[in-house]
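Here the structure is laid out as structure tokens; the discussion comes afterwards.
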Amino acid sequence: MKTIAVIGGGITGVTTAYALAKRGFATTLLEKHRYAAMETSFANGGQLSASNAEVWNHRSTMLKGLKWMFRRDAPLLVNPKPSWHKLSWFAEFAAAIPHYRRNTVETARLAIAAREHLFAWAEAENIDFDVKREGILHIYRDKAGFEHAATVSKMLAAGGLVRRAVTPGEMRAIEPTLAGDYYGGFFTDSDATGDIHKFTTGLAAAARRNGVDCRYGMRIGAVRTDGRHAHVTVGDGERTQTETYDGVVICAGTASRALAASLGDRVNIYPVKGYSITVNLLDAASQRAAPTVSLLDDATKLVTSRLGMDRFRVAGTAEFNGFNRDIRDDRIRPLIDWVHECFPSVNTRSVIPWAGLRPMMPTMLPKVGRGKSPCVFYNTGHGHLGWTLSAVTADMIGDLMHRSLDFPTH
């Protein structure tokens, strides 16, 4: 059997390990934390959202970034302190603006394929992750936002996604608890939500049942290759050892860039911080007042998901501030205020804040494929759509490795 090391135990690493095991590879999953899904896959917005496939490479995004640069509570916040990494990333981001439509269509196509894989895996492995298949409602307060969304809908349709425009009255019929005045919305009934942490840990357990050697608490000291094999140096805090594999897949989130550089590859991932709050719905009134249908507020860049009866998640914003992991009150407060505005009867006295670093490529498309060495592969850089795209990119890398490593048909 071909031996493969998968580096990273977040959603992309776990889905990759599972997909490789199902293809007959002898797979080892290496994760620095004691458990799977403890960083960016811990408390995201919870959406499986093909309807959120629009890439950010648009002139309006650049203008908003400049306009909001000194507003600490802005949905998009860029630390003005320069660095070569940040400057090179934004230069490539701007260079991808002409490919905005093509990349949006491709992302939508991938997202639709991904959810079929994901739901099939969850059913086959009996994974409970608070899934709700009740659609996602995009909400707009003005005509300009609504008309831009209508243009995006045409691109999503080219990728195979159907979503429909809805009036304010139809919006309230879809989600009666939503307060406020709106120009209109778009509803995608095929989208879904769930708890990414519960899904990832459930799939990690399934991967172990399928033969994956899940090794937690393992820090990567180095990865190198001689062109035929990958040599991975790992340590558990007490001892360090170097292990040899027929191939390695880098699924290490924001750490993927440094690992790629050590292997002679350029994977220009930038850590884009996002925040979330989990509102504990402690009383029956709050449980009734919280939405059951997932929302995306395009003006504030916030998304929601209902996780079971007693949890309500609100997440979003984008902060370009390097590897800073601080959870800032001035970034969390707008999320709580948004709940008060849109769902005034929800009690927010019990709120759990969180922040994670999304691994984002400047094109907004993930890096899925082989490195310079024939035994090095990448499945990383999914940005804000890591969960949405993870299942299909795991299958893509599994198929590529099956062909590339001369794996015998079974």
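Each chain in the structure tokens gets a letter, A, B, ..., in the order shown, and its residues are numbered from 1; ligands are numbered from 1 in order too.
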
Task: Residues within 8 Å of range 191-197 of chain A, only C-alpha atoms, excluding chain neighbours under 5 positions, as number ranges by chain - done: A: 11, 37-38, 41-44, 46-51, 129-136, 294, 305-307, 387

Per residue of range 58-125 of chain A within 9 Å of range 355-372 of chain A, which atom pair is closest and at what distance in Å (one decimal), using only C-alpha atoms, listed by chain and increasing number, as a Markdown table?
```
| residue | atom | partner | partner_atom | distance |
| --- | --- | --- | --- | --- |
| A:Trp89 | CA | A:Pro362 | CA | 5.8 |
| A:Phe90 | CA | A:Pro362 | CA | 6.9 |
| A:Ala91 | CA | A:Pro362 | CA | 8.4 |
| A:Glu92 | CA | A:Pro362 | CA | 5.7 |
| A:Phe93 | CA | A:Pro362 | CA | 4.4 |
| A:Ala94 | CA | A:Pro362 | CA | 8.2 |
| A:Ala95 | CA | A:Thr363 | CA | 8.5 |
| A:Ala96 | CA | A:Thr363 | CA | 5.7 |
| A:Ile97 | CA | A:Thr363 | CA | 8.4 |
| A:His99 | CA | A:Thr363 | CA | 8.4 |
| A:Tyr100 | CA | A:Thr363 | CA | 8.6 |
| A:Asn103 | CA | A:Leu365 | CA | 7.2 |
| A:Thr104 | CA | A:Met364 | CA | 8.9 |
| A:Glu106 | CA | A:Leu365 | CA | 8.6 |
| A:Thr107 | CA | A:Leu365 | CA | 7.1 |
```

TODO: Using DSSP on the backbone coordinates, identify all residues within range 47-208 of chain A classified as helix (DSSP H, G or I); present the result as a VMD selection string.
DONE: chain A and resid 50 to 52 59 to 67 84 to 95 97 to 125 143 to 158 168 to 174 196 to 208

TODO: Could you tell me how far CA of Arg215 in chain A lies from CA of Thr28 in chain A, in Å and to one decimal?
DONE: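 Going from CA of Arg215 in chain A over to CA of Thr28 in chain A, I get 7.2 Å.
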
Taking only C-alpha atoms into account, produce a table as a Markdown table in which each residue of range 228-336 of chain A with an atom at most 12 Å from an atom of range 144-164 of chain A appears once, together with its shortest atom pair and the distance in Å to one decimal, ordered by chain and rising number.
```
| residue | atom | partner | partner_atom | distance |
| --- | --- | --- | --- | --- |
| A:Leu296 | CA | A:Ala149 | CA | 11.7 |
| A:Asp297 | CA | A:Gly145 | CA | 10.2 |
| A:Asp298 | CA | A:Gly145 | CA | 7.7 |
| A:Ala299 | CA | A:Gly145 | CA | 7.7 |
| A:Thr300 | CA | A:Gly145 | CA | 11.4 |
```

Generate a file of the selected residues that holds C-alpha atoms, formatted as a PDB file, in the first residue's frame.
```pdb
ATOM      1  CA  LEU A 296     -26.420  36.271   4.882  1.00  0.00           C
ATOM      2  CA  ASP A 297     -26.428  40.048   5.333  1.00  0.00           C
ATOM      3  CA  ASP A 298     -24.285  41.319   2.489  1.00  0.00           C
ATOM      4  CA  ALA A 299     -23.967  44.881   3.804  1.00  0.00           C
ATOM      5  CA  THR A 300     -22.471  43.801   7.136  1.00  0.00           C
TER       6      THR A 300
END
```

Task: Among the residues A:Arg115, A:Val314, A:Ser256, A:Gly211, the one that comes closest to Arg23 in chain A [using only C-alpha atoms] - done: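 Selected residue with least distance to Arg23 in chain A: A:Gly211.
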
Task: Expected answer as an NGL selection string: strand (DSSP E) residues in range 127-164 of chain A - done: :A and (136-140 or 164)

How about saving the chosen residues, C-alpha atoms kept, as an mmCIF file, in the first residue's frame?
```cif
data_model
loop_
_atom_site.group_PDB
_atom_site.id
_atom_site.type_symbol
_atom_site.label_atom_id
_atom_site.label_comp_id
_atom_site.auth_asym_id
_atom_site.auth_seq_id
_atom_site.Cartn_x
_atom_site.Cartn_y
_atom_site.Cartn_z
ATOM 1 C CA ILE A 136 -30.018 30.354 2.961
ATOM 2 C CA LEU A 137 -31.676 33.766 2.669
ATOM 3 C CA HIS A 138 -29.553 36.717 1.468
ATOM 4 C CA ILE A 139 -30.960 40.015 2.739
ATOM 5 C CA TYR A 140 -30.576 43.500 1.199
ATOM 6 C CA ARG A 164 -34.646 33.103 -6.572
#
```
